[in-house]
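Q: My file is target-v9.txt. It has compact mmCIF, C-alpha atoms and all ligand atoms:
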# COMPACT_ATOMS: atom_id res chain seq x y z
CA MET A 14 -18.24 -12.36 -3.57
CA ILE A 15 -16.46 -9.44 -5.28
CA PRO A 16 -17.07 -6.34 -3.12
CA PRO A 17 -18.11 -3.04 -4.76
CA PHE A 18 -15.13 -0.97 -5.96
CA THR A 19 -14.14 2.05 -8.01
CA TYR A 20 -11.49 1.85 -10.69
CA GLU A 21 -10.21 4.74 -12.77
CA GLN A 22 -8.53 3.98 -16.08
CA LEU A 23 -5.44 6.06 -16.92
CA PRO A 24 -4.81 6.82 -20.58
CA GLY A 25 -1.51 5.95 -22.25
CA ARG A 26 0.01 4.00 -25.11
CA VAL A 27 2.62 1.31 -24.51
CA VAL A 28 4.98 -0.04 -27.14
CA PHE A 29 6.61 -3.14 -25.66
CA GLY A 30 9.41 -5.43 -26.75
CA ALA A 31 13.12 -5.70 -27.51
CA GLY A 32 14.04 -3.49 -30.46
CA THR A 33 11.00 -1.19 -30.21
CA LEU A 34 13.22 1.89 -29.84
CA ASP A 35 13.26 1.77 -33.65
CA ARG A 36 9.64 2.91 -33.52
CA LEU A 37 10.45 6.18 -31.72
CA PRO A 38 10.34 8.52 -34.77
CA GLU A 39 6.93 7.11 -35.71
CA GLU A 40 5.70 7.54 -32.11
CA VAL A 41 6.83 11.19 -32.02
CA GLY A 42 4.97 11.76 -35.30
CA ARG A 43 1.90 10.03 -33.86
CA LEU A 44 1.71 12.73 -31.18
CA GLY A 45 1.77 15.37 -33.90
CA ALA A 46 5.15 16.55 -32.57
CA ARG A 47 8.10 17.70 -34.68
CA ARG A 48 10.69 19.01 -32.20
CA ALA A 49 11.57 16.71 -29.31
CA ILE A 50 13.85 17.65 -26.44
CA VAL A 51 15.73 14.50 -25.38
CA LEU A 52 16.35 14.15 -21.63
CA SER A 53 18.85 11.98 -19.76
CA THR A 54 21.26 11.96 -16.83
CA PRO A 55 24.90 12.90 -17.53
CA GLU A 56 25.75 9.18 -17.10
CA GLN A 57 23.38 8.26 -19.93
CA ALA A 58 24.29 11.13 -22.29
CA GLU A 59 25.51 8.66 -24.87
CA VAL A 60 22.12 6.92 -24.94
CA ALA A 61 20.50 10.36 -25.33
CA ARG A 62 22.80 11.10 -28.29
CA ASP A 63 21.81 7.81 -29.89
CA VAL A 64 18.13 8.63 -29.38
CA ALA A 65 18.61 12.13 -30.86
CA GLN A 66 20.40 10.65 -33.84
CA ARG A 67 17.54 8.23 -34.47
CA LEU A 68 15.15 11.18 -34.38
CA GLY A 69 17.19 13.19 -36.90
CA ALA A 70 15.30 16.38 -37.78
CA GLN A 71 12.65 15.54 -35.15
CA SER A 72 15.24 16.20 -32.41
CA ALA A 73 15.37 19.80 -31.17
CA GLY A 74 18.28 19.13 -28.80
CA ILE A 75 19.53 17.22 -25.77
CA PHE A 76 19.35 18.11 -22.08
CA ALA A 77 21.54 15.59 -20.24
CA GLN A 78 21.47 17.06 -16.73
CA ALA A 79 18.81 15.03 -14.94
CA VAL A 80 19.71 14.21 -11.31
CA MET A 81 18.07 12.28 -8.47
CA HIS A 82 14.93 13.76 -6.84
CA VAL A 83 14.40 16.56 -9.43
CA PRO A 84 15.82 19.67 -7.71
CA ILE A 85 13.68 22.70 -8.59
CA GLU A 86 16.78 24.49 -9.96
CA THR A 87 17.36 21.70 -12.51
CA ALA A 88 13.67 21.69 -13.42
CA ARG A 89 13.80 25.47 -14.07
CA VAL A 90 16.85 25.20 -16.33
CA ALA A 91 15.24 22.29 -18.22
CA ARG A 92 11.97 24.21 -18.66
CA ASP A 93 13.89 27.23 -20.01
CA GLU A 94 15.84 24.98 -22.37
CA ALA A 95 12.63 23.35 -23.66
CA ARG A 96 11.21 26.82 -24.38
CA ARG A 97 14.45 28.03 -25.97
CA LEU A 98 14.50 25.00 -28.26
CA ASP A 99 10.82 25.51 -29.07
CA ALA A 100 10.26 21.84 -28.17
CA ASP A 101 6.80 20.39 -28.69
CA CYS A 102 7.47 17.09 -26.90
CA ALA A 103 9.94 15.60 -24.39
CA VAL A 104 11.60 12.22 -24.85
CA ALA A 105 12.87 11.02 -21.45
CA VAL A 106 15.31 8.11 -21.70
CA GLY A 107 16.45 6.73 -18.33
CA GLY A 108 15.22 5.86 -14.86
CA GLY A 109 12.88 7.60 -12.45
CA SER A 110 15.15 10.64 -12.17
CA THR A 111 15.08 11.42 -15.90
CA ILE A 112 11.39 10.66 -16.32
CA GLY A 113 10.81 12.82 -13.22
CA LEU A 114 12.54 15.72 -14.97
CA GLY A 115 10.26 15.22 -17.98
CA LYS A 116 7.30 15.39 -15.63
CA ALA A 117 8.57 18.64 -14.10
CA ILE A 118 8.65 20.17 -17.60
CA ALA A 119 5.19 18.80 -18.44
CA LEU A 120 3.72 20.10 -15.18
CA ASP A 121 4.72 23.62 -16.18
CA SER A 122 4.11 23.49 -19.94
CA GLY A 123 1.79 20.56 -20.70
CA LEU A 124 4.44 19.22 -23.11
CA PRO A 125 3.65 15.58 -23.99
CA ILE A 126 6.20 13.04 -22.73
CA ILE A 127 7.44 9.91 -24.43
CA ALA A 128 9.13 7.83 -21.72
CA ILE A 129 11.77 5.23 -22.52
CA PRO A 130 12.47 3.60 -19.14
CA THR A 131 15.83 1.95 -18.52
CA THR A 132 15.29 0.90 -14.87
CA TYR A 133 12.38 -0.85 -13.13
CA ALA A 134 11.23 2.13 -10.99
CA GLY A 135 7.90 2.51 -12.80
CA SER A 136 7.54 6.31 -12.92
CA GLU A 137 6.61 6.13 -16.62
CA MET A 138 3.20 4.66 -15.77
CA THR A 139 2.16 7.17 -13.09
CA PRO A 140 0.72 10.69 -12.91
CA ILE A 141 2.91 11.25 -9.81
CA TYR A 142 5.60 13.92 -9.85
CA GLY A 143 8.23 14.97 -7.31
CA LEU A 144 10.14 18.22 -6.97
CA THR A 145 12.80 19.01 -4.36
CA GLU A 146 13.13 22.54 -2.99
CA ASP A 147 15.40 23.50 -0.08
CA GLY A 148 16.01 19.81 0.64
CA LEU A 149 12.30 19.01 0.89
CA LYS A 150 10.72 16.71 -1.71
CA GLU A 151 7.12 17.51 -2.53
CA THR A 152 5.11 14.98 -4.47
CA GLY A 153 1.77 15.38 -6.18
CA ARG A 154 -0.53 13.89 -8.79
CA ASP A 155 -1.40 15.62 -12.05
CA ARG A 156 -2.69 14.01 -15.22
CA ARG A 157 -0.52 16.36 -17.32
CA VAL A 158 2.67 14.59 -16.19
CA LEU A 159 1.53 11.09 -17.19
CA PRO A 160 3.62 10.09 -20.22
CA ARG A 161 1.51 9.82 -23.38
CA THR A 162 3.61 7.00 -24.78
CA VAL A 163 5.94 4.51 -23.12
CA ILE A 164 8.47 2.52 -25.09
CA TYR A 165 9.73 -0.54 -23.20
CA ASP A 166 12.77 -1.79 -25.08
CA ALA A 167 14.62 -4.26 -22.83
CA THR A 168 17.84 -3.94 -24.85
CA LEU A 169 18.29 -0.56 -23.11
CA THR A 170 18.30 -2.30 -19.72
CA LEU A 171 21.17 -4.65 -20.58
CA THR A 172 23.63 -2.04 -19.27
CA LEU A 173 21.82 -1.57 -15.94
CA PRO A 174 24.38 -2.76 -13.37
CA THR A 175 23.34 -5.95 -11.58
CA ALA A 176 23.24 -4.27 -8.15
CA LEU A 177 20.87 -1.59 -9.44
CA SER A 178 18.87 -4.17 -11.40
CA ALA A 179 18.29 -6.07 -8.15
CA THR A 180 17.29 -3.07 -6.03
CA SER A 181 15.31 -1.37 -8.79
CA GLY A 182 13.42 -4.65 -9.26
CA MET A 183 12.70 -4.84 -5.51
CA ASN A 184 11.50 -1.21 -5.71
CA ALA A 185 9.01 -2.35 -8.35
CA ILE A 186 7.92 -5.29 -6.18
CA ALA A 187 7.29 -2.78 -3.36
CA HIS A 188 4.74 -0.96 -5.55
CA CYS A 189 2.95 -4.28 -6.13
CA VAL A 190 3.00 -5.27 -2.44
CA GLU A 191 1.44 -2.00 -1.30
CA ALA A 192 -1.08 -2.01 -4.17
CA LEU A 193 -2.37 -5.36 -2.88
CA TYR A 194 -3.34 -3.89 0.50
CA ALA A 195 -4.07 -0.30 -0.61
CA VAL A 196 -7.07 1.46 0.90
CA ASP A 197 -8.49 1.66 -2.64
CA ALA A 198 -7.23 -1.79 -3.74
CA ASN A 199 -9.41 -3.46 -6.34
CA PRO A 200 -9.41 -6.78 -8.21
CA ILE A 201 -8.11 -5.25 -11.46
CA VAL A 202 -5.02 -3.65 -9.94
CA SER A 203 -4.44 -6.65 -7.64
CA MET A 204 -4.26 -8.84 -10.72
CA TRP A 205 -1.50 -6.64 -12.18
CA ALA A 206 0.32 -6.49 -8.85
CA GLU A 207 0.41 -10.25 -8.29
CA GLU A 208 1.47 -10.86 -11.89
CA GLY A 209 4.12 -8.13 -11.51
CA ILE A 210 5.66 -9.72 -8.40
CA GLY A 211 5.70 -13.10 -10.14
CA ALA A 212 7.43 -11.74 -13.27
CA LEU A 213 10.06 -9.85 -11.26
CA ALA A 214 10.74 -12.64 -8.76
CA ALA A 215 11.19 -15.08 -11.65
CA SER A 216 13.51 -12.88 -13.73
CA LEU A 217 15.69 -10.96 -11.25
CA PRO A 218 17.79 -13.95 -10.06
CA THR A 219 18.58 -14.77 -13.71
CA ILE A 220 19.51 -11.13 -14.42
CA VAL A 221 21.89 -11.00 -11.45
CA GLY A 222 23.63 -14.15 -12.74
CA THR A 223 23.42 -13.33 -16.46
CA PRO A 224 22.89 -9.56 -16.94
CA ASP A 225 22.67 -9.83 -20.74
CA ASP A 226 19.85 -12.40 -20.74
CA LEU A 227 17.39 -10.52 -22.94
CA ALA A 228 14.46 -12.83 -22.16
CA ALA A 229 14.87 -12.26 -18.41
CA ARG A 230 15.34 -8.51 -18.98
CA THR A 231 12.12 -8.45 -21.01
CA GLN A 232 10.23 -10.33 -18.31
CA ALA A 233 11.51 -7.93 -15.63
CA GLN A 234 10.38 -4.96 -17.72
CA TYR A 235 6.95 -6.52 -18.09
CA GLY A 236 6.82 -6.84 -14.29
CA ALA A 237 8.04 -3.25 -13.89
CA TRP A 238 5.27 -2.02 -16.19
CA LEU A 239 2.62 -3.79 -14.06
CA ALA A 240 4.25 -2.46 -10.90
CA GLY A 241 4.32 1.12 -12.20
CA ALA A 242 0.71 0.83 -13.32
CA SER A 243 -0.24 -0.42 -9.84
CA LEU A 244 1.61 2.50 -8.22
CA GLY A 245 -0.20 4.93 -10.50
CA ALA A 246 -3.63 3.42 -9.90
CA VAL A 247 -3.98 3.07 -6.12
CA GLY A 248 -2.65 4.74 -2.97
CA MET A 249 0.53 3.53 -1.30
CA ALA A 250 0.92 3.06 2.48
CA LEU A 251 3.47 2.71 5.30
CA HIS A 252 6.30 1.27 3.22
CA HIS A 253 6.37 4.13 0.70
CA LYS A 254 5.92 6.68 3.48
CA LEU A 255 8.93 5.27 5.36
CA CYS A 256 11.12 5.15 2.25
CA HIS A 257 10.14 8.71 1.34
CA THR A 258 11.01 9.85 4.88
CA LEU A 259 14.31 7.96 5.04
CA GLY A 260 15.33 9.00 1.52
CA GLY A 261 14.48 12.66 2.04
CA THR A 262 15.78 13.09 5.59
CA PHE A 263 19.00 11.10 5.34
CA ASN A 264 19.58 11.35 1.58
CA LEU A 265 19.56 7.59 1.10
CA PRO A 266 19.62 5.88 -2.30
CA HIS A 267 16.05 5.30 -3.48
CA ALA A 268 16.06 1.69 -4.71
CA GLU A 269 18.29 0.32 -1.92
CA THR A 270 16.10 1.88 0.76
CA HIS A 271 13.01 0.26 -0.74
CA THR A 272 14.76 -3.11 -0.89
CA ILE A 273 15.76 -2.99 2.78
CA VAL A 274 12.49 -1.71 4.25
CA LEU A 275 10.06 -3.83 2.18
CA PRO A 276 10.24 -7.17 4.09
CA HIS A 277 9.77 -5.37 7.41
CA ALA A 278 6.88 -3.17 6.24
CA THR A 279 5.27 -6.34 4.88
CA ALA A 280 5.75 -8.09 8.23
CA TYR A 281 4.23 -5.07 10.01
CA ASN A 282 1.07 -5.47 7.92
CA ARG A 283 1.08 -9.28 7.91
CA ALA A 284 -1.84 -9.93 10.26
CA ALA A 285 -3.92 -6.99 9.00
CA ALA A 286 -3.79 -7.89 5.29
CA PRO A 287 -4.10 -11.70 4.98
CA GLU A 288 -5.49 -11.67 1.41
CA ALA A 289 -2.57 -9.52 0.18
CA MET A 290 -0.10 -11.78 2.01
CA SER A 291 -1.43 -14.89 0.33
CA ARG A 292 -1.20 -13.25 -3.11
CA ILE A 293 2.40 -12.13 -2.44
CA SER A 294 3.24 -15.61 -1.19
CA ARG A 295 1.67 -17.22 -4.27
CA ALA A 296 3.64 -14.92 -6.58
CA LEU A 297 6.87 -15.78 -4.74
CA GLY A 298 6.22 -19.52 -4.97
CA GLY A 299 4.88 -20.09 -1.44
CA GLY A 300 5.88 -19.47 2.19
CA ASP A 301 5.61 -16.37 4.35
CA ALA A 302 5.38 -13.19 2.24
CA ALA A 303 7.71 -11.01 4.35
CA LYS A 304 10.33 -13.70 4.76
CA GLY A 305 10.07 -14.52 1.05
CA LEU A 306 10.86 -10.91 0.15
CA HIS A 307 13.82 -10.87 2.55
CA ASP A 308 15.11 -14.14 1.10
CA LEU A 309 14.72 -12.82 -2.46
CA ALA A 310 16.73 -9.68 -1.64
CA LYS A 311 19.48 -11.82 -0.09
CA ARG A 312 19.49 -14.16 -3.06
CA LEU A 313 19.95 -11.14 -5.34
CA GLY A 314 22.92 -9.99 -3.24
CA ALA A 315 21.08 -6.75 -2.42
CA PRO A 316 21.62 -4.84 0.82
CA VAL A 317 19.23 -5.88 3.63
CA ALA A 318 20.27 -3.58 6.48
CA LEU A 319 19.82 0.19 6.85
CA ARG A 320 23.06 0.33 8.83
CA ALA A 321 24.87 -0.70 5.64
CA LEU A 322 23.69 2.63 4.16
CA GLY A 323 25.26 4.60 7.01
CA VAL A 324 22.05 5.15 9.01
CA THR A 325 22.71 5.33 12.77
CA GLU A 326 20.43 3.96 15.48
CA ALA A 327 19.81 7.54 16.62
CA ASP A 328 18.45 8.39 13.17
CA LEU A 329 15.74 5.77 13.64
CA ASP A 330 13.97 7.80 16.33
CA ARG A 331 13.83 10.80 14.06
CA ALA A 332 12.59 8.73 11.13
CA ALA A 333 9.88 7.14 13.32
CA ASP A 334 8.77 10.59 14.50
CA ILE A 335 8.51 12.00 10.99
CA ALA A 336 6.80 8.93 9.52
CA THR A 337 4.12 8.84 12.22
CA ARG A 338 3.45 12.59 12.50
CA GLU A 339 0.44 12.62 10.20
CA PRO A 340 -2.13 9.85 9.81
CA TYR A 341 -2.47 7.98 6.51
CA PRO A 342 -4.19 4.79 5.42
CA ASN A 343 -2.41 1.51 6.22
CA PRO A 344 -3.87 -1.95 6.88
CA ARG A 345 -2.49 -2.01 10.43
CA PRO A 346 -2.84 1.29 12.30
CA VAL A 347 0.44 3.19 12.27
CA ASP A 348 1.75 3.52 15.82
CA ARG A 349 5.11 4.98 16.76
CA ALA A 350 6.34 2.04 18.84
CA GLY A 351 5.52 -0.44 16.10
CA VAL A 352 7.18 1.67 13.41
CA ARG A 353 10.25 2.21 15.60
CA GLN A 354 10.57 -1.59 15.97
CA LEU A 355 10.11 -2.05 12.22
CA LEU A 356 12.94 0.42 11.62
CA GLN A 357 15.13 -1.35 14.19
CA ASP A 358 14.65 -4.64 12.34
CA ALA A 359 15.36 -2.98 8.98
CA TRP A 360 18.45 -1.32 10.46
CA ALA A 361 19.80 -4.64 11.73
CA GLY A 362 18.78 -6.49 8.55
CA SER A 363 17.31 -9.40 10.45
CA SER A 364 14.95 -11.85 8.77
CA PRO A 365 11.32 -10.89 9.56
CA VAL A 366 10.10 -13.17 12.35
CA VAL A 367 7.31 -15.47 11.22
P1 LIG B 1 17.73 6.84 -11.42
O1 LIG B 1 16.83 7.30 -12.51
O2 LIG B 1 18.14 7.86 -10.41
O3 LIG B 1 19.00 6.14 -12.07
C1 LIG B 1 20.11 5.78 -11.27
C2 LIG B 1 21.39 5.81 -12.10
O4 LIG B 1 21.39 4.71 -13.01
C3 LIG B 1 21.53 7.06 -12.97
O5 LIG B 1 22.86 7.45 -13.00
C4 LIG B 1 21.08 6.58 -14.33
O6 LIG B 1 21.62 7.34 -15.38
C5 LIG B 1 21.62 5.17 -14.33
N1 LIG B 1 20.93 4.27 -15.24
C6 LIG B 1 19.60 4.15 -15.44
N2 LIG B 1 19.33 3.20 -16.33
C7 LIG B 1 20.52 2.69 -16.72
C8 LIG B 1 20.90 1.67 -17.63
N3 LIG B 1 19.99 0.93 -18.28
N4 LIG B 1 22.20 1.42 -17.80
C9 LIG B 1 23.13 2.11 -17.10
N5 LIG B 1 22.84 3.08 -16.22
C10 LIG B 1 21.54 3.36 -16.03
O7 LIG B 1 17.09 5.61 -10.60
P2 LIG B 1 15.60 5.07 -10.44
O8 LIG B 1 15.65 4.15 -9.29
O9 LIG B 1 15.06 4.61 -11.73
O10 LIG B 1 14.76 6.36 -10.07
C11 LIG B 1 14.73 6.88 -8.77
C12 LIG B 1 13.95 8.18 -8.72
O11 LIG B 1 12.68 8.02 -9.36
C13 LIG B 1 13.65 8.65 -7.31
O12 LIG B 1 13.82 10.05 -7.25
C14 LIG B 1 12.20 8.28 -7.12
O13 LIG B 1 11.57 9.08 -6.17
C15 LIG B 1 11.66 8.47 -8.50
N6 LIG B 1 10.46 7.64 -8.78
C16 LIG B 1 9.31 8.29 -9.09
C17 LIG B 1 8.16 7.57 -9.37
C18 LIG B 1 6.90 8.29 -9.74
O14 LIG B 1 5.89 7.65 -10.01
N7 LIG B 1 6.93 9.59 -9.82
C19 LIG B 1 8.18 6.17 -9.33
C20 LIG B 1 9.38 5.53 -9.02
C21 LIG B 1 10.52 6.27 -8.74
Please express what this file holds, its structure, as structure tokens.
A:
Amino acid sequence: MIPPFTYEQLPGRVVFGAGTLDRLPEEVGRLGARRAIVLSTPEQAEVARDVAQRLGAQSAGIFAQAVMHVPIETARVARDEARRLDADCAVAVGGGSTIGLGKAIALDSGLPIIAIPTTYAGSEMTPIYGLTEDGLKETGRDRRVLPRTVIYDATLTLTLPTALSATSGMNAIAHCVEALYAVDANPIVSMWAEEGIGALAASLPTIVGTPDDLAARTQAQYGAWLAGASLGAVGMALHHKLCHTLGGTFNLPHAETHTIVLPHATAYNRAAAPEAMSRISRALGGGDAAKGLHDLAKRLGAPVALRALGVTEADLDRAADIATREPYPNPRPVDRAGVRQLLQDAWAGSSPVV
């Protein structure tokens, strides 16, 4: 029997498919906007220039200074620039860092965002924002930061390096995994999450072998959409808490950290979330869920050990302390000894014991 549940629908328009970037001017007009500020990282400034060119007179200017984790100083400069340009919408083209900068502007000004994601991180589908001040990353939820329109054009992901494609894809799978055993999990979101894992697990190995396979890139983006929607709809648990702690405290790369921790966080919750495990297993084509995720990461040539990122064994004690300081929902109760062992396994990169 389906148990009672609550589900809240987030608004948003999605334009999906290879070549849909052509529709951007029309989508800006649809929002009633006339002066878009185009955001990107310095590495993707050329893409931002192309986007601005497509917009023609609808482009107010480019701000190509997005960086990882949205430092408050960068957010302030971007907000000032949006005001100076008299922008009435923000077009964020890039990964989670660029879309995060758009969100920081929207949080302050209510400016509508059009997100054009070029990784699989999923930020475009969530009302979650992050801002880093004095080395501390604060995250929150606010409907104002949810992009109004998302354009998924897989041709923009063809340049995503294979290593980042693999880890960014595993980052998306992590959203799906935790959505399946979330405290507020529900059949609607679980359907997206299982489908998301399946789409990503099927496409990522092809992408790593043939990065310009547009069909595989499109399938991965479809999975990333479902993963981002799952992240935006229900609460995350131990895995996201650990990655947030590790990333913030030791300045580790976001997607790699997710890739390494995921199999071990899944193993930690194995016995406490059997229904989620069977859905993950089904999406991966059978077998133990945690081991399947570890095997997938290895097959993609992604890092599987925290020690490969320069984390020392001594750091693990600190990470375990921070991650278990405050209680939060997780299928298996969060205890320090268990989390310390999880981190040890993730540090060594061993296959999760079945
Ligand atoms: P990123 O945005 O930091 O991008 C990494 C690098 O890859 C950048 O230099 C970027 O310019 C480059 N890049 C991106 N797409 C490219 C492409 N197609 N071709 C070539 N280069 C490309 O990485 P990310 O993993 O997408 O985002 C990570 C950040 O997003 C973290 O700060 C994380 O906390 C945040 N995030 C937030 C949410 C949310 O809901 N708020 C969700 C997921 C991630």
Q: One decimal, in Å: what's the spacing between CA of Val347 (chain A) and CA of His82 (chain A)?
A: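 So the two atoms, CA of Val347 (chain A) and CA of His82 (chain A), lie 26.2 Å apart.
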Q: To one decimal in Å, tell me the separation between CA of Val158 (chain A) and CA of Thr231 (chain A).
A: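 Going from CA of Val158 (chain A) over to CA of Thr231 (chain A), I get 25.4 Å.
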Q: Using all atoms listed in the file, determine which residues lie at most 8 Å from Thr132 (chain A), disregarding the query and same-chain residues fewer than 3 positions distant; provide the list as a ChimeraX atom specification.
A: /A:107-109,135,170,173,178,181
Q: Which is closest to ligand LIG 1 (chain B) among A:Arg331, A:Arg349, A:Arg156, A:Arg338, if we use only C-alpha atoms and all ligand atoms?
A: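 Under the stated criterion, the closest residue is A:Arg156.
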Q: Counting only C-alpha atoms and all ligand atoms, name the residues that have an atom within 7 Å of an atom of ligand LIG 1 (chain B); the answer should be given as a ChimeraX atom specification.
A: /A:53-57,80-83,107-111,113,131-137,139-143,169-174,181,241,244-245,267-268
